[in-house]
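Structure below is model_38.cif: mmCIF, C-alpha atoms and all ligand atoms.
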data_target
loop_
_atom_site.label_atom_id
_atom_site.label_comp_id
_atom_site.auth_asym_id
_atom_site.auth_seq_id
_atom_site.Cartn_x
_atom_site.Cartn_y
_atom_site.Cartn_z
CA MET T 30 18.03 4.48 21.55
CA SER T 31 14.63 2.73 21.45
CA GLU T 32 14.21 -0.92 20.55
CA LEU T 33 12.45 0.14 17.34
CA THR T 34 15.27 2.47 16.27
CA ASN T 35 17.79 -0.28 17.09
CA LYS T 36 15.93 -2.72 14.88
CA ILE T 37 15.70 -0.22 12.02
CA ASN T 38 19.45 0.42 12.29
CA GLU T 39 20.24 -3.31 12.22
CA THR T 40 18.06 -3.74 9.14
CA MET T 41 19.69 -0.69 7.51
CA ASN T 42 23.17 -2.07 8.21
CA PHE T 43 22.23 -5.35 6.51
CA ILE T 44 20.67 -3.60 3.48
CA ARG T 45 23.74 -1.42 3.12
CA THR T 46 25.88 -4.56 2.65
CA LYS T 47 23.72 -5.34 -0.43
CA THR T 48 23.21 -1.93 -2.05
CA SER T 49 24.19 1.69 -1.63
CA VAL T 50 21.17 2.98 -3.60
CA LYS T 51 19.38 5.84 -1.83
CA PRO T 52 15.79 5.68 -3.09
CA THR T 53 13.51 8.71 -2.75
CA ILE T 54 10.34 6.87 -3.75
CA GLY T 55 8.92 3.75 -2.09
CA ILE T 56 6.29 1.50 -3.65
CA ILE T 57 4.18 -1.18 -1.96
CA LEU T 58 2.76 -3.66 -4.45
CA GLY T 59 -0.43 -5.40 -3.37
CA THR T 60 -2.38 -8.48 -4.44
CA GLY T 61 -1.93 -9.22 -8.15
CA LEU T 62 0.09 -6.06 -8.65
CA GLY T 63 3.56 -7.49 -8.42
CA LYS T 64 4.22 -7.10 -12.14
CA LEU T 65 5.14 -3.44 -11.87
CA ALA T 66 8.39 -4.90 -10.59
CA LYS T 67 9.23 -5.89 -14.19
CA GLU T 68 9.46 -2.21 -15.10
CA ILE T 69 12.23 -1.61 -12.57
CA LYS T 70 15.70 -1.35 -14.11
CA ASN T 71 19.11 -2.05 -12.50
CA GLN T 72 17.51 -4.30 -9.92
CA VAL T 73 19.04 -5.34 -6.64
CA VAL T 74 16.67 -7.89 -5.09
CA ILE T 75 16.70 -8.90 -1.44
CA GLU T 76 14.41 -11.68 -0.20
CA TYR T 77 12.45 -10.73 2.93
CA GLU T 78 13.52 -13.95 4.62
CA ASN T 79 17.13 -12.72 4.57
CA ILE T 80 16.37 -9.26 5.98
CA PRO T 81 16.74 -8.91 9.76
CA HIS T 82 13.43 -8.03 11.51
CA PHE T 83 11.34 -8.30 8.31
CA PRO T 84 8.32 -10.53 8.73
CA VAL T 85 7.89 -13.19 6.04
CA SER T 86 4.77 -13.00 3.87
CA THR T 87 2.54 -16.03 4.52
CA VAL T 88 0.10 -15.33 1.69
CA GLU T 89 0.70 -17.27 -1.52
CA SER T 90 -0.45 -14.43 -3.76
CA HIS T 91 2.26 -12.19 -2.30
CA HIS T 92 5.94 -12.49 -3.14
CA GLY T 93 8.44 -11.50 -0.50
CA LYS T 94 11.07 -9.35 -2.13
CA LEU T 95 12.50 -5.91 -1.59
CA ILE T 96 13.54 -4.54 -4.96
CA PHE T 97 15.92 -1.60 -5.39
CA GLY T 98 16.38 0.02 -8.80
CA THR T 99 15.28 2.79 -11.12
CA LEU T 100 11.93 3.64 -12.66
CA GLY T 101 12.37 6.34 -15.30
CA ASP T 102 15.17 8.42 -13.83
CA LYS T 103 14.03 7.92 -10.20
CA LYS T 104 15.70 5.74 -7.62
CA ILE T 105 13.05 3.60 -6.02
CA VAL T 106 12.56 0.75 -3.59
CA ALA T 107 9.58 -1.56 -4.03
CA MET T 108 8.04 -4.12 -1.74
CA GLN T 109 6.83 -7.03 -3.84
CA GLY T 110 4.51 -8.53 -1.25
CA ARG T 111 3.32 -7.00 1.99
CA PHE T 112 2.14 -8.05 5.42
CA HIS T 113 -1.36 -8.06 6.89
CA LYS T 114 -2.90 -8.12 10.33
CA TYR T 115 -4.81 -11.31 9.45
CA GLU T 116 -1.53 -13.17 9.07
CA GLY T 117 -1.07 -12.74 12.80
CA TYR T 118 1.43 -9.88 12.63
CA SER T 119 1.16 -6.84 14.85
CA LEU T 120 0.64 -3.56 12.99
CA GLN T 121 4.13 -2.57 14.19
CA GLN T 122 5.50 -5.58 12.26
CA VAL T 123 3.25 -4.89 9.26
CA THR T 124 4.60 -1.34 8.99
CA PHE T 125 8.25 -1.97 9.89
CA PRO T 126 9.34 -1.89 6.20
CA VAL T 127 7.81 1.60 5.83
CA ARG T 128 9.99 2.82 8.71
CA VAL T 129 13.03 1.29 7.01
CA MET T 130 12.08 3.00 3.73
CA LYS T 131 12.13 6.37 5.49
CA PHE T 132 15.63 5.68 6.82
CA LEU T 133 16.72 4.67 3.30
CA GLY T 134 15.75 8.17 2.11
CA VAL T 135 12.20 7.65 0.85
CA LYS T 136 10.11 10.84 0.85
CA SER T 137 7.10 9.68 -1.17
CA LEU T 138 5.27 6.39 -0.71
CA LEU T 139 3.02 4.85 -3.39
CA ILE T 140 0.71 2.10 -2.15
CA SER T 141 -1.49 -0.32 -4.07
CA CYS T 142 -3.99 -2.88 -2.91
CA ALA T 143 -6.95 -4.99 -3.97
CA ALA T 144 -10.31 -3.90 -2.58
CA GLY T 145 -13.99 -4.59 -2.65
CA GLY T 146 -16.12 -1.87 -4.27
CA LEU T 147 -18.88 -0.39 -2.10
CA ASN T 148 -19.73 2.62 -4.25
CA PRO T 149 -22.47 1.47 -6.66
CA MET T 150 -20.76 3.40 -9.48
CA PHE T 151 -17.64 1.23 -9.13
CA ARG T 152 -17.15 -1.91 -11.25
CA LYS T 153 -14.80 -4.89 -11.03
CA GLY T 154 -11.48 -3.97 -12.62
CA ASP T 155 -11.79 -0.23 -11.92
CA VAL T 156 -8.79 1.61 -10.50
CA GLU T 157 -9.60 3.83 -7.52
CA MET T 158 -7.36 6.57 -6.20
CA ILE T 159 -7.76 6.65 -2.41
CA VAL T 160 -8.43 10.21 -1.25
CA ASP T 161 -9.15 9.53 2.43
CA HIS T 162 -9.70 6.61 4.76
CA ILE T 163 -11.57 5.19 7.73
CA ASN T 164 -9.48 2.93 9.94
CA LEU T 165 -11.65 0.00 11.08
CA LEU T 166 -8.82 -2.36 11.92
CA GLY T 167 -9.54 -1.90 15.61
CA ASP T 168 -5.83 -1.29 15.99
CA ASN T 169 -3.18 1.30 15.16
CA PRO T 170 0.54 0.88 14.40
CA LEU T 171 1.35 3.92 16.58
CA ILE T 172 -0.02 2.43 19.81
CA GLY T 173 2.69 2.25 22.49
CA ALA T 174 5.39 4.66 23.64
CA ASN T 175 6.04 7.25 20.92
CA GLU T 176 9.54 7.49 19.51
CA ASP T 177 9.75 11.29 19.20
CA SER T 178 12.76 11.12 16.87
CA LEU T 179 10.61 9.21 14.36
CA GLY T 180 7.48 11.36 14.47
CA PRO T 181 4.92 13.14 16.66
CA ARG T 182 2.72 11.51 19.31
CA PHE T 183 -0.48 12.80 17.67
CA PRO T 184 0.09 12.97 13.90
CA ASP T 185 -2.21 15.26 11.95
CA MET T 186 -4.50 13.41 9.54
CA SER T 187 -6.05 16.30 7.62
CA GLU T 188 -4.24 15.23 4.43
CA PRO T 189 -3.22 11.57 4.73
CA TYR T 190 -2.99 11.28 0.93
CA SER T 191 -1.03 14.07 -0.75
CA LYS T 192 -3.24 16.48 -2.69
CA LYS T 193 -0.26 17.35 -4.88
CA LEU T 194 0.32 13.70 -5.84
CA GLN T 195 -3.42 13.17 -6.36
CA SER T 196 -3.51 16.05 -8.88
CA LEU T 197 -0.50 14.58 -10.65
CA ALA T 198 -2.15 11.12 -10.81
CA GLU T 199 -5.38 12.61 -12.18
CA GLN T 200 -3.43 14.43 -14.88
CA VAL T 201 -1.51 11.25 -15.75
CA ALA T 202 -4.72 9.18 -15.95
CA MET T 203 -6.27 11.80 -18.23
CA ASP T 204 -3.20 11.91 -20.49
CA LEU T 205 -3.14 8.10 -20.70
CA LYS T 206 -6.94 8.09 -21.29
CA LEU T 207 -7.42 5.70 -18.37
CA PRO T 208 -10.50 6.10 -16.17
CA LEU T 209 -9.69 6.74 -12.52
CA GLN T 210 -12.27 6.49 -9.74
CA LYS T 211 -11.77 8.40 -6.51
CA GLY T 212 -12.94 7.36 -3.10
CA VAL T 213 -12.71 6.83 0.62
CA HIS T 214 -11.10 3.53 1.59
CA THR T 215 -11.67 1.52 4.73
CA SER T 216 -9.63 -1.35 6.15
CA VAL T 217 -10.92 -4.26 8.15
CA SER T 218 -8.83 -7.06 9.62
CA GLY T 219 -10.21 -9.91 7.49
CA PRO T 220 -9.40 -12.62 6.57
CA ASN T 221 -13.06 -13.38 5.84
CA LEU T 222 -14.83 -11.12 3.38
CA GLU T 223 -17.75 -9.11 4.77
CA THR T 224 -21.36 -10.04 5.26
CA ARG T 225 -24.11 -8.18 3.44
CA ALA T 226 -24.92 -6.31 6.66
CA GLU T 227 -21.28 -5.30 7.05
CA TYR T 228 -21.03 -4.04 3.45
CA ARG T 229 -24.25 -2.04 4.00
CA PHE T 230 -22.77 -0.55 7.18
CA LEU T 231 -19.45 0.33 5.49
CA ARG T 232 -21.27 2.10 2.65
CA MET T 233 -23.48 3.99 5.14
CA ILE T 234 -20.51 5.37 7.04
CA GLY T 235 -19.03 6.79 3.85
CA ALA T 236 -16.62 4.21 2.43
CA ASP T 237 -16.27 3.60 -1.31
CA SER T 238 -13.93 0.61 -1.04
CA VAL T 239 -12.85 -1.94 1.56
CA GLY T 240 -9.62 -3.86 1.95
CA MET T 241 -7.35 -5.46 4.52
CA SER T 242 -4.17 -3.37 4.20
CA THR T 243 -2.87 0.07 3.17
CA ILE T 244 -4.16 2.13 6.12
CA PRO T 245 -1.47 0.93 8.60
CA GLU T 246 1.27 1.72 6.08
CA ASN T 247 -0.32 5.12 5.43
CA ILE T 248 -0.46 5.97 9.14
CA VAL T 249 3.22 5.15 9.67
CA ALA T 250 4.25 7.03 6.54
CA VAL T 251 2.33 10.10 7.76
CA HIS T 252 3.89 9.68 11.23
CA MET T 253 7.33 9.88 9.62
CA GLY T 254 6.47 12.86 7.41
CA MET T 255 6.27 11.08 4.06
CA GLU T 256 3.78 12.03 1.36
CA VAL T 257 1.49 9.19 0.26
CA LEU T 258 -0.41 8.29 -2.90
CA ALA T 259 -2.55 5.13 -2.82
CA PHE T 260 -4.59 3.13 -5.31
CA ALA T 261 -6.98 0.22 -5.03
CA ILE T 262 -7.97 -2.16 -7.78
CA ILE T 263 -11.65 -3.00 -7.34
CA THR T 264 -11.70 -6.80 -7.49
CA ASP T 265 -15.28 -7.49 -6.41
CA GLU T 266 -18.58 -5.63 -6.24
CA CYS T 267 -19.86 -5.51 -2.67
CA PHE T 268 -23.46 -4.46 -3.23
CA PRO T 269 -25.46 -5.95 -0.36
CA ASP T 270 -28.66 -6.52 -2.34
CA ALA T 271 -26.92 -8.26 -5.24
CA LEU T 272 -23.99 -9.95 -3.51
CA LYS T 273 -22.37 -12.97 -5.18
CA PRO T 274 -19.83 -15.33 -3.59
CA VAL T 275 -16.21 -14.39 -4.42
CA SER T 276 -13.14 -16.62 -4.50
CA LEU T 277 -9.51 -15.61 -4.06
CA LYS T 278 -8.92 -16.85 -7.62
CA GLU T 279 -11.47 -14.36 -8.99
CA VAL T 280 -9.94 -11.56 -6.91
CA ILE T 281 -6.49 -12.35 -8.31
CA ASP T 282 -7.77 -12.78 -11.90
CA ILE T 283 -9.48 -9.38 -11.82
CA ALA T 284 -6.42 -7.76 -10.23
CA ASP T 285 -4.25 -9.35 -12.96
CA LYS T 286 -6.49 -8.00 -15.71
CA ALA T 287 -6.63 -4.49 -14.27
CA GLU T 288 -2.95 -4.43 -13.37
CA PRO T 289 -1.63 -2.96 -16.67
CA LYS T 290 -3.80 0.16 -16.10
CA LEU T 291 -2.48 0.75 -12.62
CA THR T 292 1.09 -0.10 -13.63
CA ALA T 293 0.88 2.48 -16.44
CA ILE T 294 -0.49 5.16 -14.11
CA MET T 295 2.00 4.48 -11.30
CA THR T 296 5.00 4.28 -13.64
CA GLU T 297 4.11 7.57 -15.30
CA VAL T 298 3.40 9.26 -11.93
CA VAL T 299 6.87 8.23 -10.74
CA LYS T 300 8.47 9.56 -13.94
CA ARG T 301 6.75 12.93 -13.56
CA MET T 302 7.34 13.33 -9.83
CA LYS T 303 9.62 16.22 -8.91
N1 LIG T 401 -13.42 -7.01 1.48
C1 LIG T 401 -12.26 -6.83 2.07
N2 LIG T 401 -11.11 -6.90 1.44
C2 LIG T 401 -11.12 -7.14 0.12
C3 LIG T 401 -12.31 -7.34 -0.55
C4 LIG T 401 -13.52 -7.28 0.17
O1 LIG T 401 -14.62 -7.45 -0.39
N3 LIG T 401 -11.99 -7.58 -1.86
C5 LIG T 401 -10.65 -7.51 -1.95
N4 LIG T 401 -10.12 -7.25 -0.75
#
File written out as structure tokens:
Amino acid sequence: MSELTNKINETMNFIRTKTSVKPTIGIILGTGLGKLAKEIKNQVVIEYENIPHFPVSTVESHHGKLIFGTLGDKKIVAMQGRFHKYEGYSLQQVTFPVRVMKFLGVKSLLISCAAGGLNPMFRKGDVEMIVDHINLLGDNPLIGANEDSLGPRFPDMSEPYSKKLQSLAEQVAMDLKLPLQKGVHTSVSGPNLETRAEYRFLRMIGADSVGMSTIPENIVAVHMGMEVLAFAIITDECFPDALKPVSLKEVIDIADKAEPKLTAIMTEVVKRMK
């Protein structure tokens, strides 16, 4: 057995001493989006610091809890707080919880994040459904010997975000009368925000939004055969010719304000998932 599979098994053994729930849906809650956790019923909460092989979130705006429970009639597991490359973690560490989710029984992964808006039609507080991505992290969680029992060496990336789940989310947004932008997301390592020249470059290569997470988790989920649906809350407008300084406080305030929209969409998507 590989070192990675060993670690996953050790983590699984620990989790199984806390809960026997077998979730089919996994949710990663990003910056300012932790409140969806309140909607989860019958909660079993495990702090990351107690989970073997889980990194510990070093960002204040991120909690560090794995929450098991039900949303509607679905068994789910949610990560309240996630890990980033800029914290100093390898992408293998960042994505370890996604591998554990798969072993727990998760088939569909919902991801949320905060992002800068590059598309001039986007505004602060908009919710964007991510339809494709450009990985600019300069790194990949699949680098290294491939564990064939977990997934293929060269995963196909023609549909990294499930078309079926995207249609469902569009229908939900329409029914709830909530506007939903669509776009291509790109991830950079951070932690600094981008320069004007960098935002101009990212827009030119076809990105609508930019963040510092989400793509590694997507890649590992695709590697393990999970379907993925991802959303970004646009927390700042990254228009190179009209750029204003942004603080973390503003990013979190905007994410907080937009959060009820995304929570409503994600909760309803989970309820309607087959
Ligand atoms: N750039 C990168 N990541 C971000 C941004 C940004 O402008 N806003 C929120 N996350």
Inset, instruction - Enumerate residues in contact with ligand LIG 401 (chain T): an atom-to-atom distance of at most 7 Å, counting all atoms listed in the file. Format the result as number ranges by chain. - result: T: 143-146, 217, 219, 222-223, 239-241, 264-265, 267, 280
Legend entry - Pick from T:Met253, T:Ile140, T:Ile54, T:Val74 nearest to Ser178 in chain T, counting only C-alpha atoms: T:Met253
Enumerate, in order of chain and increasing residue number, the residues of range 198-279 of chain T with an atom no farther than 10 Å from range 117-123 of chain T, each with its shortest atom pair and distance in Å to one decimal, counting only C-alpha atoms, as JSON lines.
{"residue": "T:Ser242", "atom": "CA", "partner": "T:Val123", "partner_atom": "CA", "distance": 9.1}
{"residue": "T:Thr243", "atom": "CA", "partner": "T:Val123", "partner_atom": "CA", "distance": 10.0}
{"residue": "T:Pro245", "atom": "CA", "partner": "T:Leu120", "partner_atom": "CA", "distance": 6.6}
{"residue": "T:Glu246", "atom": "CA", "partner": "T:Val123", "partner_atom": "CA", "distance": 7.6}
{"residue": "T:Val249", "atom": "CA", "partner": "T:Gln121", "partner_atom": "CA", "distance": 9.0}
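Taking only C-alpha atoms into account, Pro220 in chain T lies nearest to T:His113 out of the set T:Lys64, T:Lys192, T:His113, T:Lys286.
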Inset, instruction - For CA of Phe112 in chain T and CA of Pro289 in chain T, determine how far apart the two atoms are, in Å to one decimal place. - result: 23.0 Å
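Residues surrounding Leu207 in chain T within 12 Å are Gly154, Asp155, Val156, Glu157, Ala198, Glu199, Gln200, Val201, Ala202, Met203, Asp204, Gln210, Ala287, Pro289, Lys290, Leu291, Thr292, Ala293, Ile294 and Met295 of chain T [only C-alpha atoms; sequence separation below 3 positions excluded].
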Legend entry - Distance criterion (all atoms listed in the file): nearest to Ile172 in chain T out of T:Arg111, T:Ile248, T:Leu147, T:Asn38: T:Ile248
